[in-house]
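entry38.txt (compact mmCIF, C-alpha atoms and all ligand atoms) appears below.
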```txt
# COMPACT_ATOMS: atom_id res chain seq x y z
CA MET I 2 21.79 -2.47 14.75
CA LYS I 3 22.38 0.61 16.89
CA PHE I 4 20.91 3.98 15.87
CA TYR I 5 22.17 7.24 17.37
CA SER I 6 19.30 9.64 17.18
CA PHE I 7 17.41 12.56 18.73
CA TRP I 8 13.76 13.49 18.33
CA ARG I 9 14.42 16.93 16.89
CA SER I 10 17.15 15.98 14.41
CA LEU I 11 15.90 16.28 10.86
CA ALA I 12 18.83 14.23 9.56
CA ALA I 13 17.89 11.44 11.99
CA PHE I 14 14.27 11.87 10.82
CA ARG I 15 15.39 11.15 7.24
CA VAL I 16 17.08 7.93 8.33
CA ARG I 17 14.14 6.94 10.59
CA ILE I 18 11.81 7.16 7.59
CA ALA I 19 14.18 5.05 5.48
CA LEU I 20 14.46 2.44 8.25
CA ASN I 21 10.65 2.30 8.51
CA ILE I 22 10.21 1.99 4.75
CA LYS I 23 12.64 -0.93 4.78
CA GLY I 24 10.89 -2.47 7.79
CA ILE I 25 14.05 -2.34 9.89
CA VAL I 26 13.75 -1.93 13.64
CA PRO I 27 17.12 -1.08 15.26
CA ASP I 28 18.00 -3.23 18.26
CA GLU I 29 19.05 -0.16 20.19
CA ILE I 30 18.34 3.55 19.89
CA VAL I 31 20.84 5.79 21.64
CA ASN I 32 19.43 9.20 22.47
CA VAL I 33 21.98 11.97 21.97
CA ASP I 34 20.43 15.17 23.33
CA LEU I 35 21.29 17.93 20.88
CA MET I 36 19.72 20.55 23.12
CA LYS I 37 22.12 19.66 25.96
CA GLY I 38 25.07 19.48 23.56
CA ASP I 39 25.59 15.74 24.10
CA GLN I 40 26.79 15.44 20.50
CA CYS I 41 29.97 17.29 21.55
CA GLN I 42 30.71 15.06 24.56
CA PRO I 43 33.63 12.63 24.26
CA ALA I 44 31.30 9.61 24.33
CA TYR I 45 29.59 10.62 21.09
CA LYS I 46 32.69 12.19 19.53
CA ALA I 47 34.25 8.74 19.74
CA VAL I 48 31.31 7.42 17.70
CA ASN I 49 31.19 10.23 15.15
CA PRO I 50 34.17 12.61 15.15
CA GLN I 51 32.04 15.13 13.20
CA MET I 52 29.76 15.34 16.27
CA LEU I 53 26.59 15.28 14.17
CA LEU I 54 23.58 13.00 14.25
CA PRO I 55 22.63 10.52 13.02
CA ALA I 56 25.02 7.58 13.18
CA LEU I 57 24.24 3.93 12.64
CA VAL I 58 26.07 0.76 13.52
CA ASP I 59 25.02 -2.25 11.48
CA GLY I 60 26.53 -5.47 12.80
CA ASP I 61 30.19 -5.19 13.68
CA GLY I 62 30.69 -1.80 12.03
CA PRO I 63 32.35 0.40 10.97
CA ILE I 64 30.08 3.24 11.97
CA LEU I 65 27.85 4.72 9.29
CA PHE I 66 27.35 8.48 9.30
CA GLN I 67 25.79 11.20 7.10
CA SER I 68 22.08 10.59 6.57
CA VAL I 69 22.18 10.36 2.76
CA ALA I 70 25.06 7.88 2.84
CA ILE I 71 23.16 5.87 5.44
CA MET I 72 19.98 5.86 3.34
CA GLU I 73 21.91 4.71 0.29
CA TYR I 74 23.63 2.01 2.36
CA LEU I 75 20.25 0.78 3.60
CA ASP I 76 18.98 0.77 0.02
CA GLU I 77 21.96 -1.20 -1.23
CA THR I 78 21.88 -3.76 1.58
CA ARG I 79 18.07 -4.11 1.72
CA PRO I 80 16.91 -3.33 -1.85
CA GLU I 81 13.15 -3.70 -1.30
CA PRO I 82 11.28 -1.44 -1.51
CA PRO I 83 13.78 0.73 -3.41
CA LEU I 84 14.50 4.32 -2.40
CA LEU I 85 15.92 5.18 -5.82
CA PRO I 86 14.49 4.58 -9.31
CA LYS I 87 16.31 2.15 -11.62
CA ASP I 88 17.24 4.50 -14.47
CA PRO I 89 20.36 6.70 -14.18
CA ARG I 90 18.52 9.94 -15.04
CA GLY I 91 15.83 9.18 -12.52
CA ARG I 92 18.43 8.33 -9.89
CA ALA I 93 20.23 11.59 -10.60
CA ARG I 94 16.99 13.57 -10.28
CA VAL I 95 16.04 11.92 -6.99
CA ARG I 96 19.52 12.45 -5.55
CA ALA I 97 19.51 16.07 -6.71
CA LEU I 98 16.10 16.79 -5.16
CA ALA I 99 17.31 15.16 -1.95
CA ALA I 100 20.45 17.30 -1.99
CA ILE I 101 18.42 20.52 -2.00
CA ASN I 102 17.36 19.62 1.51
CA ALA I 103 20.25 17.52 2.80
CA SER I 104 23.17 19.43 1.26
CA ASP I 105 22.02 22.98 0.63
CA SER I 106 19.25 24.04 3.01
CA HIS I 107 19.22 21.96 6.18
CA PRO I 108 22.98 22.34 6.95
CA LEU I 109 22.47 26.11 7.33
CA MET I 110 20.03 25.79 10.23
CA VAL I 111 21.55 23.11 12.48
CA PRO I 112 22.53 23.82 16.12
CA ARG I 113 26.24 24.35 15.46
CA VAL I 114 25.45 27.08 12.91
CA ARG I 115 22.87 28.73 15.17
CA ASN I 116 25.22 28.47 18.15
CA PHE I 117 28.04 30.09 16.16
CA MET I 118 25.78 32.95 15.14
CA GLU I 119 24.71 33.43 18.74
CA HIS I 120 27.95 33.00 20.68
CA GLU I 121 30.69 33.96 18.19
CA LEU I 122 28.98 36.46 15.91
CA LYS I 123 26.73 37.77 18.74
CA LEU I 124 23.73 37.96 16.43
CA ASP I 125 20.44 38.54 18.21
CA GLU I 126 17.55 36.08 18.01
CA PRO I 127 15.52 37.92 15.33
CA THR I 128 18.60 38.08 13.11
CA ARG I 129 19.35 34.39 13.66
CA ASN I 130 15.75 33.48 12.88
CA LYS I 131 15.88 35.61 9.75
CA TRP I 132 18.88 33.61 8.57
CA VAL I 133 17.23 30.27 9.26
CA LYS I 134 13.91 31.21 7.65
CA HIS I 135 15.69 32.63 4.61
CA TRP I 136 17.56 29.40 3.88
CA ILE I 137 14.54 27.21 4.56
CA GLY I 138 12.58 29.37 2.09
CA GLU I 139 15.33 29.08 -0.50
CA GLY I 140 15.23 25.29 -0.17
CA LEU I 141 11.45 25.19 -0.45
CA ALA I 142 11.50 27.48 -3.49
CA ALA I 143 14.17 25.38 -5.20
CA MET I 144 12.22 22.18 -4.60
CA GLU I 145 8.97 23.79 -5.74
CA GLY I 146 10.63 25.07 -8.93
CA HIS I 147 11.77 21.59 -9.91
CA LEU I 148 8.78 19.62 -8.67
CA SER I 149 6.15 21.89 -10.24
CA ARG I 150 7.92 22.01 -13.60
CA ASP I 151 9.02 18.42 -14.18
CA LYS I 152 6.79 15.80 -15.75
CA GLU I 153 8.43 13.17 -13.54
CA THR I 154 6.62 14.63 -10.53
CA ARG I 155 3.47 12.63 -9.98
CA THR I 156 1.91 11.31 -6.78
CA PHE I 157 5.34 11.60 -5.25
CA ALA I 158 8.41 13.67 -6.02
CA HIS I 159 9.51 11.14 -8.64
CA GLY I 160 6.73 9.01 -10.07
CA ASP I 161 4.15 7.05 -8.14
CA ALA I 162 6.42 5.36 -5.62
CA VAL I 163 8.20 6.85 -2.64
CA THR I 164 11.89 7.66 -3.12
CA MET I 165 14.64 9.34 -1.16
CA ALA I 166 13.47 12.62 -2.70
CA ASP I 167 10.19 12.35 -0.80
CA ILE I 168 12.05 11.72 2.45
CA CYS I 169 13.94 14.96 1.88
CA VAL I 170 10.83 16.90 0.80
CA VAL I 171 9.22 15.83 4.08
CA ALA I 172 12.32 16.82 6.06
CA GLN I 173 12.30 20.23 4.37
CA ALA I 174 8.59 20.81 5.07
CA THR I 175 8.96 19.60 8.67
CA GLY I 176 11.93 21.91 9.22
CA ALA I 177 9.80 24.75 7.87
CA GLY I 178 7.18 23.88 10.50
CA PHE I 179 9.83 23.95 13.26
CA PHE I 180 10.72 27.53 12.35
CA ASN I 181 7.26 28.81 11.46
CA VAL I 182 7.93 29.10 7.73
CA ASP I 183 4.66 28.92 5.77
CA THR I 184 4.65 26.22 3.06
CA MET I 185 1.53 27.62 1.33
CA PRO I 186 3.62 29.38 -1.36
CA TYR I 187 5.08 25.97 -2.28
CA PRO I 188 1.98 23.95 -3.16
CA THR I 189 3.71 20.97 -4.79
CA VAL I 190 6.09 20.54 -1.86
CA LYS I 191 3.13 20.87 0.52
CA ARG I 192 1.02 18.34 -1.36
CA ILE I 193 3.81 15.75 -1.56
CA ALA I 194 4.75 16.22 2.09
CA GLU I 195 1.13 15.81 3.15
CA THR I 196 0.71 12.72 0.93
CA CYS I 197 3.82 11.15 2.47
CA MET I 198 2.78 11.93 6.03
CA LYS I 199 -0.32 9.77 5.51
CA ILE I 200 2.00 6.78 5.07
CA GLU I 201 2.81 5.01 8.33
CA ALA I 202 6.56 4.79 7.67
CA PHE I 203 6.65 8.58 7.52
CA ALA I 204 4.06 9.35 10.18
CA LYS I 205 5.61 7.25 12.92
CA ALA I 206 9.06 8.70 12.19
CA HIS I 207 7.88 12.26 12.90
CA PRO I 208 10.11 14.12 15.36
CA LEU I 209 7.25 14.86 17.74
CA LYS I 210 6.41 11.15 17.97
CA GLN I 211 9.85 10.20 19.30
CA PRO I 212 10.75 9.56 22.94
CA GLY I 213 11.62 12.76 24.76
CA ALA I 214 9.80 15.03 22.30
CA PRO I 215 7.41 17.69 23.60
CA ALA I 216 3.72 17.42 22.69
CA SER I 217 4.12 20.39 20.37
CA LEU I 218 6.73 22.99 19.48
CA GLY I 219 4.67 25.66 21.22
CA HIS I 220 4.19 28.11 18.41
N1 LIG L 301 24.76 16.32 6.52
C1 LIG L 301 24.49 15.68 7.77
C2 LIG L 301 23.90 16.68 8.70
C3 LIG L 301 23.89 16.18 10.09
C4 LIG L 301 23.47 17.27 11.04
O1 LIG L 301 23.74 18.45 10.85
N2 LIG L 301 22.81 16.82 12.12
C5 LIG L 301 22.37 17.76 13.11
C6 LIG L 301 20.99 17.41 13.62
S1 LIG L 301 19.80 17.44 12.35
C7 LIG L 301 23.31 17.72 14.28
O2 LIG L 301 23.65 16.66 14.77
N3 LIG L 301 23.72 18.87 14.73
C8 LIG L 301 24.54 19.00 15.87
C9 LIG L 301 25.15 20.36 15.91
O3 LIG L 301 24.86 21.15 15.01
O4 LIG L 301 25.89 20.62 16.86
C10 LIG L 301 23.55 14.50 7.57
O5 LIG L 301 22.72 14.56 6.66
O6 LIG L 301 23.65 13.52 8.32
```

Let me see the file written as structure tokens.
Ligand SMILES: N[C@@H](CCC(=O)N[C@@H](CS)C(=O)NCC(=O)O)C(=O)O
Amino acid sequence: MKFYSFWRSLAAFRVRIALNIKGIVPDEIVNVDLMKGDQCQPAYKAVNPQMLLPALVDGDGPILFQSVAIMEYLDETRPEPPLLPKDPRGRARVRALAAINASDSHPLMVPRVRNFMEHELKLDEPTRNKWVKHWIGEGLAAMEGHLSRDKETRTFAHGDAVTMADICVVAQATGAGFFNVDTMPYPTVKRIAETCMKIEAFAKAHPLKQPGAPASLGH
């Protein structure tokens, strides 16, 4: 198994957590430096034409891409412990909570969006940060609204076992930390993220614990 990753990538973080939960250690980790733009170089474009991390090769391929699709693939090929509940309504809820992060919030803050704002739209840094913080906040508020209201929320986002929803709650809260967005107004998200980060599979997947990461983000 070959995992294309970068310490700062939140989408790679999601997959790293899933790999750890499943007890899978990739044979090779290929570092694609998003800060240098290596994702746009021909070598990586040949791997993933969308030029986004992460990507995963399991056996003789084909390449797996898109973090949620990869997590579901891992869950289907290595069912224990499960990342989704058994019942259809539960599965729909977990997938929907995950989508708040993976489909609606996180895509608005990735390098290609920030680069477009900077170089094409010529937006200054405070304006770009305002954009990013706004959409992180919207994601946190949406998660909090569902998690705080639903009886299915217990120790974790869905019941008392970790699911893909928790992985995405943690990614959302970690992204908030990257951009200095306070999670205090979202106490259920904060509690679940903190509970998860006490679990080794989550803790050792943290962006700042990966090779090449700085000791802190310096803010
Ligand atoms: N929906 C994709 C998002 C992937 C994504 O945006 N990855 C970011 C890093 S977290 C990336 O590679 N960005 C490169 C860029 O924006 O140029 C997924 O979940 O895998």

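Of note, atom CA of Pro80 of chain I and atom C10 of ligand LIG 301 (chain L) are spaced 21.2 Å apart.
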
Which residues of chain I come within 7 Å of ligand LIG 301 (chain L), and what is each one's closest atom pair and distance in Å (one decimal), counting only C-alpha atoms and all ligand atoms, sorted by chain and residue number, as JSON lines?
```
{"residue": "I:Ser10", "atom": "CA", "partner": "L:LIG301", "partner_atom": "S1", "distance": 3.7}
{"residue": "I:Leu11", "atom": "CA", "partner": "L:LIG301", "partner_atom": "S1", "distance": 4.3}
{"residue": "I:Ala12", "atom": "CA", "partner": "L:LIG301", "partner_atom": "S1", "distance": 4.4}
{"residue": "I:Ala13", "atom": "CA", "partner": "L:LIG301", "partner_atom": "S1", "distance": 6.3}
{"residue": "I:Leu35", "atom": "CA", "partner": "L:LIG301", "partner_atom": "C8", "distance": 6.1}
{"residue": "I:Gly38", "atom": "CA", "partner": "L:LIG301", "partner_atom": "O4", "distance": 6.8}
{"residue": "I:Gln40", "atom": "CA", "partner": "L:LIG301", "partner_atom": "C8", "distance": 6.3}
{"residue": "I:Met52", "atom": "CA", "partner": "L:LIG301", "partner_atom": "C8", "distance": 6.4}
{"residue": "I:Leu53", "atom": "CA", "partner": "L:LIG301", "partner_atom": "O2", "distance": 3.3}
{"residue": "I:Leu54", "atom": "CA", "partner": "L:LIG301", "partner_atom": "O2", "distance": 3.7}
{"residue": "I:Pro55", "atom": "CA", "partner": "L:LIG301", "partner_atom": "O6", "distance": 5.7}
{"residue": "I:Phe66", "atom": "CA", "partner": "L:LIG301", "partner_atom": "O6", "distance": 6.3}
{"residue": "I:Gln67", "atom": "CA", "partner": "L:LIG301", "partner_atom": "O6", "distance": 3.4}
{"residue": "I:Ser68", "atom": "CA", "partner": "L:LIG301", "partner_atom": "O6", "distance": 3.8}
{"residue": "I:Val69", "atom": "CA", "partner": "L:LIG301", "partner_atom": "O5", "distance": 5.8}
{"residue": "I:Ala103", "atom": "CA", "partner": "L:LIG301", "partner_atom": "O5", "distance": 5.5}
{"residue": "I:Ser104", "atom": "CA", "partner": "L:LIG301", "partner_atom": "N1", "distance": 6.3}
{"residue": "I:Pro108", "atom": "CA", "partner": "L:LIG301", "partner_atom": "O1", "distance": 5.6}
{"residue": "I:Val111", "atom": "CA", "partner": "L:LIG301", "partner_atom": "O3", "distance": 4.6}
{"residue": "I:Pro112", "atom": "CA", "partner": "L:LIG301", "partner_atom": "O3", "distance": 3.7}
{"residue": "I:Arg113", "atom": "CA", "partner": "L:LIG301", "partner_atom": "O3", "distance": 3.5}
{"residue": "I:Val114", "atom": "CA", "partner": "L:LIG301", "partner_atom": "O3", "distance": 6.3}
```

task = Could you check which of I:Arg115, I:Lys87, I:Thr175, I:Asn130 is closest to Ala204 of chain I, using only C-alpha atoms?
result =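 So, comparing all the options, the nearest one is I:Thr175.
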
query = In Å, with one decimal, what is the gap from atom CA of Ala166 of chain I to atom CA of Leu98 of chain I?
reply =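 Interatomic distance, atom CA of Ala166 of chain I to atom CA of Leu98 of chain I: 5.5 Å.
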
request  = Quick one: pull the distance between atom CA of Ala172 of chain I and atom CA of Glu81 of chain I, Å, one decimal.
outcome  = 21.8 Å

request  = Show which residues sit within 10 Å of Tyr187 of chain I, as a list in words. Count all atoms listed in the file, and ignore same-chain residues fewer than 2 positions away.
outcome  =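 In the requested form, the answer reads Gly138, Leu141, Ala142, Ala143, Met144, Glu145, Gly146, Leu148, Ser149, Ala174, Asp183, Thr184, Met185, Thr189, Val190, Lys191 and Arg192 of chain I.
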
inquiry  = So, with all atoms listed in the file as the atoms that count, which of I:Phe14, I:His120, I:Ile101, I:Thr164 lies closest to Pro82 of chain I?
reply    =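 Smallest separation from Pro82 of chain I among the options: I:Thr164.
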
Could you give me the axis-aligned bounding box of segment 84-94 of chain I, with 8 Å of padding per side, as centre plus edge lengths in Å to one decimal, as lines of an AutoDock Vina configuration file?
```
center_x = 17.4
center_y = 7.9
center_z = -8.7
size_x = 21.9
size_y = 27.4
size_z = 28.6
```

task = Return the single residue from I:Val163, I:Pro86, I:Arg79, I:Tyr45 that is closest to Thr196 of chain I, with distances computed using all atoms listed in the file.
result = I:Val163

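Among the candidates I:Ala214, I:Val171, I:Met198, I:Ile18, the residue lying nearest to Asn102 of chain I is I:Val171 (atoms considered: only C-alpha atoms).
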
query = Counting all atoms listed in the file, which of I:Lys46, I:Leu75, I:Val133, I:Thr154 gets nearest to Val16 of chain I?
reply = I:Leu75

ask   = With distances taken over all atoms listed in the file, which of I:Ile193, I:Glu77, I:Lys37, I:Ala19 is nearest to Asp161 of chain I?
value =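 Smallest distance to Asp161 of chain I is found for I:Ile193.
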
inquiry  = List as a PyMOL selection string the residues having at least one atom at most 6 Å from position (23.9, -3.5, 13.7) as given in the file, counting only C-alpha atoms.
reply    = chain I and resi 2-3+58-60

ask   = So which residues touch segment 29-34 of chain I within 6 Å, counting all atoms listed in the file, skipping near sequence neighbours fewer than 2 positions away, as a list in words?
value = Lys3, Phe4, Tyr5, Ser6, Phe7, Pro27, Met36, Lys37 and Asp39 of chain I

Output segment 51-62 of chain I as a CSV table (one decimal), keeping the file's coordinate frame, making sure all heavy atoms are there.
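Wrote out-v9.csv, looks like this:
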```csv
chain,number,residue,atom,x,y,z
I,51,GLN,N,32.6,13.9,13.7
I,51,GLN,CA,32.0,15.1,13.2
I,51,GLN,C,31.0,15.7,14.2
I,51,GLN,O,30.6,16.8,14.1
I,51,GLN,CB,31.4,14.9,11.8
I,51,GLN,CG,31.2,16.2,11.0
I,51,GLN,CD,30.4,16.0,9.8
I,51,GLN,OE1,29.9,14.9,9.4
I,51,GLN,NE2,30.3,17.1,9.0
I,52,MET,N,30.7,14.9,15.2
I,52,MET,CA,29.8,15.3,16.3
I,52,MET,C,28.4,15.7,15.7
I,52,MET,O,27.8,16.7,16.2
I,52,MET,CB,30.4,16.5,17.1
I,52,MET,CG,31.7,16.0,17.8
I,52,MET,SD,32.4,17.3,18.8
I,52,MET,CE,33.1,18.3,17.6
I,53,LEU,N,27.9,15.0,14.7
I,53,LEU,CA,26.6,15.3,14.2
I,53,LEU,C,25.8,14.0,14.2
I,53,LEU,O,26.3,12.9,14.0
I,53,LEU,CB,26.7,15.7,12.7
I,53,LEU,CG,27.4,17.1,12.5
I,53,LEU,CD1,27.5,17.3,11.0
I,53,LEU,CD2,26.8,18.2,13.2
I,54,LEU,N,24.5,14.1,14.4
I,54,LEU,CA,23.6,13.0,14.2
I,54,LEU,C,23.1,12.9,12.8
I,54,LEU,O,23.0,14.0,12.2
I,54,LEU,CB,22.4,13.2,15.2
I,54,LEU,CG,22.6,13.0,16.7
I,54,LEU,CD1,21.4,13.3,17.5
I,54,LEU,CD2,23.0,11.5,17.0
I,55,PRO,N,22.7,11.8,12.3
I,55,PRO,CA,22.6,10.5,13.0
I,55,PRO,C,23.9,9.7,12.8
I,55,PRO,O,24.8,10.1,12.0
I,55,PRO,CB,21.4,9.8,12.3
I,55,PRO,CG,21.5,10.3,10.9
I,55,PRO,CD,22.1,11.7,11.0
I,56,ALA,N,24.0,8.6,13.5
I,56,ALA,CA,25.0,7.6,13.2
I,56,ALA,C,24.3,6.2,13.3
I,56,ALA,O,23.4,6.1,14.1
I,56,ALA,CB,26.2,7.7,14.1
I,57,LEU,N,24.9,5.3,12.6
I,57,LEU,CA,24.2,3.9,12.6
I,57,LEU,C,25.3,2.9,12.7
I,57,LEU,O,26.3,3.0,11.9
I,57,LEU,CB,23.4,3.8,11.4
I,57,LEU,CG,22.5,2.5,11.3
I,57,LEU,CD1,21.2,2.7,12.2
I,57,LEU,CD2,22.1,2.2,9.9
I,58,VAL,N,25.2,1.9,13.5
I,58,VAL,CA,26.1,0.8,13.5
I,58,VAL,C,25.3,-0.4,13.1
I,58,VAL,O,24.2,-0.7,13.6
I,58,VAL,CB,26.7,0.5,14.9
I,58,VAL,CG1,27.6,-0.7,14.9
I,58,VAL,CG2,27.3,1.7,15.5
I,59,ASP,N,25.7,-1.1,12.0
I,59,ASP,CA,25.0,-2.2,11.5
I,59,ASP,C,26.0,-3.4,11.6
I,59,ASP,O,27.0,-3.5,11.0
I,59,ASP,CB,24.7,-2.0,10.0
I,59,ASP,CG,23.8,-3.2,9.5
I,59,ASP,OD1,23.2,-3.9,10.3
I,59,ASP,OD2,23.7,-3.3,8.2
I,60,GLY,N,25.6,-4.3,12.5
I,60,GLY,CA,26.5,-5.5,12.8
I,60,GLY,C,27.8,-5.0,13.5
I,60,GLY,O,27.8,-4.2,14.4
I,61,ASP,N,28.9,-5.5,13.0
I,61,ASP,CA,30.2,-5.2,13.7
I,61,ASP,C,30.9,-4.0,13.1
I,61,ASP,O,32.1,-3.8,13.2
I,61,ASP,CB,31.1,-6.4,13.7
I,61,ASP,CG,31.3,-7.1,12.4
I,61,ASP,OD1,30.9,-6.4,11.4
I,61,ASP,OD2,31.8,-8.2,12.3
I,62,GLY,N,30.1,-3.1,12.4
I,62,GLY,CA,30.7,-1.8,12.0
I,62,GLY,C,31.4,-1.9,10.7
I,62,GLY,O,31.2,-2.8,10.0
```
